[in-house]
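Novice: Sharing protein.txt, compact mmCIF, C-alpha atoms:
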```
# COMPACT_ATOMS: atom_id res chain seq x y z
CA MET S 1 15.46 9.67 5.71
CA THR S 2 14.31 10.78 2.29
CA SER S 3 15.09 8.84 -0.85
CA VAL S 4 17.18 11.75 -2.17
CA ALA S 5 19.39 11.73 0.95
CA LEU S 6 19.72 7.94 0.74
CA GLU S 7 20.73 8.12 -2.90
CA SER S 8 23.27 10.80 -2.03
CA ILE S 9 24.82 8.62 0.69
CA ILE S 10 24.98 5.64 -1.68
CA ALA S 11 26.63 7.80 -4.35
CA ILE S 12 29.24 9.12 -1.90
CA ASP S 13 29.97 5.58 -0.67
CA GLY S 14 30.33 4.41 -4.26
CA GLN S 15 32.80 7.22 -5.01
CA ARG S 16 34.88 6.29 -1.95
CA ARG S 17 35.00 2.66 -3.06
CA LEU S 18 36.05 3.70 -6.56
CA ARG S 19 38.83 5.90 -5.14
CA ARG S 20 40.06 3.05 -2.94
CA LEU S 21 39.95 0.64 -5.86
CA GLY S 22 41.86 3.12 -8.03
CA ALA S 23 44.49 3.62 -5.34
CA ALA S 24 44.85 -0.14 -4.92
CA CYS S 25 45.30 -0.57 -8.69
CA VAL S 26 47.98 2.15 -8.76
CA VAL S 27 49.88 0.50 -5.88
CA LEU S 28 49.62 -2.90 -7.57
CA LEU S 29 50.86 -1.44 -10.86
CA VAL S 30 53.83 0.27 -9.20
CA CYS S 31 54.79 -2.94 -7.36
CA THR S 32 54.54 -4.96 -10.58
CA LEU S 33 56.72 -2.46 -12.44
CA ALA S 34 59.30 -2.55 -9.64
CA LEU S 35 59.44 -6.37 -9.81
CA PHE S 36 59.83 -6.16 -13.59
CA VAL S 37 62.62 -3.58 -13.43
CA THR S 38 64.56 -5.67 -10.89
CA GLY S 39 64.37 -8.80 -13.06
CA PHE S 40 61.98 -10.80 -10.90
CA PHE S 41 60.07 -12.08 -13.93
CA ASP S 42 63.25 -13.29 -15.69
CA ALA S 43 62.69 -17.04 -15.37
CA GLN S 44 65.92 -17.84 -17.23
CA ARG S 45 68.05 -16.33 -14.45
CA PHE S 46 66.33 -18.48 -11.84
CA ILE S 47 66.81 -21.59 -13.96
CA GLU S 48 70.49 -20.83 -14.52
CA GLY S 49 71.03 -20.06 -10.83
CA ALA S 50 69.35 -23.21 -9.51
CA PRO S 51 72.47 -25.44 -9.71
CA ALA S 52 74.56 -22.87 -7.83
CA ILE S 53 71.91 -22.59 -5.14
CA GLN S 54 71.79 -26.39 -4.80
CA GLN S 55 75.58 -26.55 -4.52
CA LEU S 56 75.65 -23.81 -1.89
CA ALA S 57 72.90 -25.51 0.10
CA SER S 58 74.74 -28.84 0.04
CA GLU S 59 77.89 -27.16 1.39
CA MET S 60 75.96 -25.48 4.22
CA VAL S 61 74.40 -28.72 5.49
CA PRO S 62 75.09 -30.02 8.06
CA PRO S 63 76.14 -26.93 10.05
CA ASN S 64 79.60 -27.11 11.63
CA PHE S 65 79.57 -26.02 15.29
CA GLU S 66 83.15 -27.10 16.05
CA ARG S 67 84.25 -23.49 16.67
CA TRP S 68 81.23 -22.51 18.77
CA GLU S 69 83.44 -21.44 21.68
CA HIS S 70 84.97 -18.75 19.45
CA TRP S 71 81.52 -17.25 18.82
CA VAL S 72 80.44 -16.74 22.43
CA ILE S 73 82.33 -13.48 23.00
CA PRO S 74 81.38 -12.02 19.57
CA LEU S 75 77.73 -12.82 20.30
CA ARG S 76 78.08 -11.13 23.69
CA ASP S 77 79.60 -8.10 21.97
CA THR S 78 76.72 -8.06 19.49
CA LEU S 79 74.20 -8.05 22.34
CA ALA S 80 76.14 -5.32 24.13
CA MET S 81 76.24 -3.25 20.93
CA SER S 82 72.47 -3.52 20.54
CA ILE S 83 71.80 -2.44 24.13
CA ALA S 84 74.34 0.40 24.11
CA GLY S 85 73.13 1.62 20.72
CA THR S 86 69.53 1.62 21.93
CA ALA S 87 70.46 3.52 25.11
CA LEU S 88 72.26 6.23 23.14
CA THR S 89 69.38 6.38 20.67
CA VAL S 90 66.83 7.04 23.42
CA LEU S 91 69.01 9.68 25.08
CA ALA S 92 69.40 11.55 21.79
CA SER S 93 65.90 10.96 20.40
CA LEU S 94 63.71 12.21 23.24
CA PRO S 95 64.95 15.83 23.35
CA LEU S 96 65.10 15.99 19.55
CA ALA S 97 61.54 14.65 19.33
CA LEU S 98 60.29 17.30 21.75
CA VAL S 99 61.79 19.99 19.51
CA ALA S 100 60.51 18.33 16.31
CA ALA S 101 56.90 17.84 17.48
CA PRO S 102 54.80 20.93 16.59
CA ASN S 103 52.94 21.00 19.91
CA THR S 104 56.12 21.00 22.04
CA ALA S 105 58.59 22.78 19.72
CA PRO S 106 59.92 26.13 20.97
CA ASN S 107 59.26 27.57 17.49
CA ALA S 108 58.39 26.41 14.00
CA VAL S 109 61.82 27.15 12.54
CA GLY S 110 63.62 25.08 15.17
CA GLY S 111 61.23 22.19 14.63
CA ARG S 112 61.76 22.25 10.87
CA ILE S 113 65.54 22.31 11.28
CA VAL S 114 65.47 19.32 13.65
CA ARG S 115 63.18 17.35 11.32
CA THR S 116 65.62 18.01 8.46
CA ILE S 117 68.52 16.78 10.60
CA LEU S 118 66.60 13.62 11.52
CA ALA S 119 65.88 12.96 7.85
CA ALA S 120 69.62 13.30 7.15
CA PHE S 121 70.38 10.73 9.86
CA ARG S 122 67.86 8.29 8.37
CA SER S 123 69.19 8.70 4.86
CA VAL S 124 72.62 7.20 5.63
CA PRO S 125 72.60 3.39 6.12
CA GLU S 126 74.18 1.92 9.25
CA ILE S 127 76.77 0.04 7.20
CA ILE S 128 78.08 3.29 5.70
CA LEU S 129 78.15 4.96 9.09
CA GLY S 130 79.97 1.91 10.44
CA ILE S 131 82.69 2.29 7.80
CA LEU S 132 83.05 5.98 8.63
CA PHE S 133 83.26 5.41 12.38
CA VAL S 134 85.74 2.54 11.95
CA ALA S 135 87.95 4.97 10.03
CA ALA S 136 87.47 7.58 12.78
CA VAL S 137 87.78 5.60 16.03
CA GLY S 138 89.25 2.28 14.92
CA PHE S 139 88.01 -1.31 14.97
CA GLY S 140 85.84 -2.83 17.69
CA ALA S 141 82.33 -2.49 19.04
CA LEU S 142 82.46 1.29 19.59
CA PRO S 143 82.05 2.30 15.91
CA GLY S 144 79.16 -0.14 15.63
CA VAL S 145 77.40 1.41 18.63
CA LEU S 146 77.90 4.92 17.25
CA ALA S 147 76.67 3.93 13.80
CA LEU S 148 73.53 2.25 15.16
CA ALA S 149 72.77 5.15 17.49
CA LEU S 150 73.21 7.86 14.86
CA HIS S 151 71.09 6.14 12.22
CA SER S 152 68.39 5.04 14.65
CA THR S 153 68.12 8.49 16.21
CA GLY S 154 66.75 9.73 12.90
CA MET S 155 64.08 7.03 12.89
CA VAL S 156 63.23 6.77 16.60
CA ALA S 157 63.05 10.54 17.13
CA LYS S 158 60.63 10.74 14.19
CA PHE S 159 58.37 8.10 15.76
CA TYR S 160 58.65 9.77 19.17
CA ALA S 161 57.72 13.14 17.64
CA GLU S 162 54.67 11.66 15.88
CA ALA S 163 53.50 10.10 19.16
CA ILE S 164 53.97 13.40 20.99
CA GLU S 165 52.21 15.33 18.23
CA HIS S 166 49.02 13.28 18.65
CA VAL S 167 48.63 13.58 22.44
CA ASP S 168 45.38 14.89 23.88
CA PRO S 169 45.81 18.71 23.98
CA LYS S 170 43.46 19.21 26.97
CA PRO S 171 46.00 18.23 29.68
CA LEU S 172 48.54 20.56 28.06
CA GLU S 173 46.08 23.45 28.05
CA ALA S 174 45.14 22.77 31.67
CA ALA S 175 48.79 22.70 32.75
CA LYS S 176 49.51 25.96 30.93
CA ALA S 177 46.42 27.58 32.45
CA ALA S 178 47.64 26.56 35.90
CA GLY S 179 50.90 28.42 35.27
CA ALA S 180 53.13 25.43 34.64
CA SER S 181 56.48 25.99 32.93
CA ARG S 182 57.33 24.41 29.58
CA PHE S 183 59.35 21.72 31.36
CA GLN S 184 56.48 20.99 33.75
CA VAL S 185 54.01 20.77 30.87
CA ILE S 186 56.22 18.20 29.17
CA THR S 187 56.87 16.10 32.29
CA HIS S 188 53.31 16.22 33.69
CA ALA S 189 51.06 16.50 30.62
CA VAL S 190 52.95 15.15 27.61
CA LEU S 191 55.21 12.29 28.71
CA PRO S 192 52.63 10.45 30.86
CA GLN S 193 50.41 10.16 27.77
CA VAL S 194 53.09 8.82 25.42
CA LEU S 195 55.33 6.73 27.68
CA PRO S 196 53.71 3.38 26.67
CA GLN S 197 54.14 4.23 22.98
CA LEU S 198 57.72 5.38 23.49
CA ALA S 199 58.48 2.16 25.36
CA ASP S 200 57.05 0.08 22.49
CA ILE S 201 59.10 1.98 19.92
CA THR S 202 62.25 1.59 22.02
CA ILE S 203 61.82 -2.16 22.49
CA TYR S 204 61.15 -2.74 18.80
CA ARG S 205 64.25 -0.73 17.95
CA TRP S 206 66.35 -2.78 20.38
CA GLU S 207 65.20 -5.96 18.63
CA TYR S 208 66.16 -4.40 15.31
CA HIS S 209 69.54 -3.30 16.70
CA PHE S 210 70.52 -6.86 17.55
CA ARG S 211 69.94 -7.97 13.98
CA ALA S 212 71.75 -4.89 12.63
CA SER S 213 74.65 -5.41 15.06
CA ALA S 214 75.25 -8.83 13.55
CA VAL S 215 76.00 -7.12 10.24
CA MET S 216 78.23 -4.36 11.61
CA GLY S 217 81.11 -6.78 12.15
CA ILE S 218 81.42 -7.16 8.40
CA VAL S 219 82.98 -3.67 8.24
CA GLY S 220 85.18 -4.24 11.29
CA ALA S 221 82.78 -2.95 13.93
CA GLY S 222 83.04 -6.05 16.11
CA GLY S 223 80.47 -8.66 17.00
CA ILE S 224 79.49 -11.95 15.40
CA GLY S 225 79.47 -10.35 11.95
CA PHE S 226 83.27 -10.45 11.93
CA GLU S 227 83.23 -14.24 12.41
CA LEU S 228 80.55 -14.57 9.75
CA MET S 229 82.60 -12.58 7.26
CA ALA S 230 85.73 -14.61 8.05
CA ALA S 231 83.88 -17.86 7.37
CA LEU S 232 82.54 -16.48 4.09
CA ARG S 233 86.00 -15.42 2.95
CA LEU S 234 87.39 -18.88 3.73
CA ILE S 235 84.43 -20.46 1.88
CA LYS S 236 83.48 -22.44 4.99
CA TYR S 237 79.79 -22.52 4.28
CA ASP S 238 79.11 -25.15 6.94
CA GLU S 239 80.43 -22.68 9.54
CA VAL S 240 78.40 -19.91 7.90
CA SER S 241 75.19 -21.88 8.40
CA ALA S 242 76.18 -22.65 12.01
CA ILE S 243 76.81 -18.97 12.73
CA LEU S 244 73.51 -18.00 11.09
CA LEU S 245 71.69 -20.54 13.25
CA SER S 246 73.41 -19.12 16.33
CA ILE S 247 72.29 -15.64 15.35
CA LEU S 248 68.76 -16.94 14.77
CA ILE S 249 68.63 -18.44 18.27
CA CYS S 250 69.83 -15.17 19.80
CA VAL S 251 67.32 -13.18 17.75
CA LEU S 252 64.50 -15.41 19.01
CA VAL S 253 65.67 -14.91 22.59
CA VAL S 254 65.84 -11.13 22.14
CA ASP S 255 62.40 -11.09 20.50
CA GLY S 256 61.02 -13.12 23.40
CA ILE S 257 62.48 -10.70 25.94
CA GLY S 258 61.05 -7.77 23.98
CA SER S 259 57.59 -9.35 23.91
CA ALA S 260 57.74 -9.98 27.66
CA LEU S 261 58.76 -6.36 28.29
CA ARG S 262 55.89 -5.06 26.14
CA LYS S 263 53.37 -7.18 28.05
CA HIS S 264 54.81 -6.01 31.36
CA LEU S 265 54.53 -2.35 30.34
CA LYS S 266 50.89 -2.58 29.21
```
Please express the file's structure as structure tokens.

Specialist:
Amino acid sequence: MTSVALESIIAIDGQRRLRRLGAACVVLLVCTLALFVTGFFDAQRFIEGAPAIQQLASEMVPPNFERWEHWVIPLRDTLAMSIAGTALTVLASLPLALVAAPNTAPNAVGGRIVRTILAAFRSVPEIILGILFVAAVGFGALPGVLALALHSTGMVAKFYAEAIEHVDPKPLEAAKAAGASRFQVITHAVLPQVLPQLADITIYRWEYHFRASAVMGIVGAGGIGFELMAALRLIKYDEVSAILLSILICVLVVDGIGSALRKHLK
């Protein structure tokens, strides 16, 4: 290798490092500005809030588990909401992802329309959807399931579509050359490549759904969130801490099950 070529490589590497350093500085600056705008650097507010935090902490300890029997069914409903919401999400996300992914979309216009719809789903928080569905179908777990499924479809279908978009194109070309139909190409050349990724995305979303389901009860969508909100309204902070610990235990169990499923599917 000549000295000129070596100098050229060193110069290009130096430019890449400078670009990366510049990008890192921009990100750091933006994050610092965001912290400043939100008041994170206002030490006076933290000092003034310290006594209230200490008082709240003293009222939450020790946790009061006297009403634990009343939380069993709401926790069961929360788990059921997370599973049902995940099931509906998968059923809705897979066909939408196949239309949204460029390499499996029937046409570019249809794919763009579906991606716009998925972005609209993602833009509305679950809590807002929960309020709307409570107004539409009444109180209980059903509006929570619908809210979780609708919001998560926008996110999960996007991840599914990205996984499908990056599959190896050679099996698709071979299937098409052999005269396979569009459905056969998807079932024999696309899905076998992405099933592990889709399973990972689904399991992670189920874990997220359990945590989100605990909040849905606050708007009347059933689950343990209803008990949590009732304890907050009655200023029973010792019960609040007990409910939060119960939710934490359930979250750890769900996370453990999810990790076991991911290992089994590898």

Novice: Have a look at CA of Thr187 in chain S and CA of Asp200 in chain S and let me know their distance in Å, one decimal.

Specialist: 18.8 Å

Novice: Taking into account only C-alpha atoms, which residue in the set S:Ala161, S:Ala84, S:Ala101, S:Ala175 is nearest to Ala149 in chain S?

Specialist: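 Of S:Ala161, S:Ala84, S:Ala101, S:Ala175, the one nearest Ala149 in chain S is S:Ala84, counting only C-alpha atoms.
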
Novice: CA of Ala87 in chain S to CA of Leu248 in chain S: how many Å, to one decimal?

Specialist: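 Value for the CA of Ala87 in chain S-CA of Leu248 in chain S distance: 23.0 Å.
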
Novice: Interatomic distance between CA of Val219 in chain S and CA of Val124 in chain S?

Specialist: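 Spanning CA of Val219 in chain S to CA of Val124 in chain S is a straight-line distance of 15.2 Å.
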
Novice: For Ala97 in chain S, which residue out of S:Ala178, S:Ile83, S:Met155, S:Ala189 is the nearest one, using all atoms listed in the file?

Specialist: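 For Ala97 in chain S, the nearest of the candidates is S:Met155.
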
Novice: Under the rule that all atoms listed in the file are counted, which of S:Val26, S:Met216, S:Leu91, S:Ile224 is the nearest residue to Ile128 in chain S?

Specialist: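 Among the listed residues, the smallest separation from Ile128 in chain S belongs to S:Met216.
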
Novice: Could you check the closest approach to Ala147 in chain S for each of S:Glu239, S:Glu126, S:Glu227, S:Asp255 and tell me which residue wins, using all atoms listed in the file?

Specialist: S:Glu126

Novice: Excluding Ile73 in chain S and any residue of its chain fewer than 5 positions from it, enumerate the residues within 10 Å of it, using all atoms listed in the file, and give them as a list in words.

Specialist: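 Here the answer would be Thr78, Leu79, Gly223 and Ile224 of chain S.
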
Novice: Keeping C-alpha atoms, export the residues of the selection given above as a compact mmCIF listing (two decimals), keeping the file's coordinate frame.

Specialist:
```txt
# COMPACT_ATOMS: atom_id res chain seq x y z
CA THR S 78 76.72 -8.06 19.49
CA LEU S 79 74.20 -8.05 22.34
CA GLY S 223 80.47 -8.66 17.00
CA ILE S 224 79.49 -11.95 15.40
```
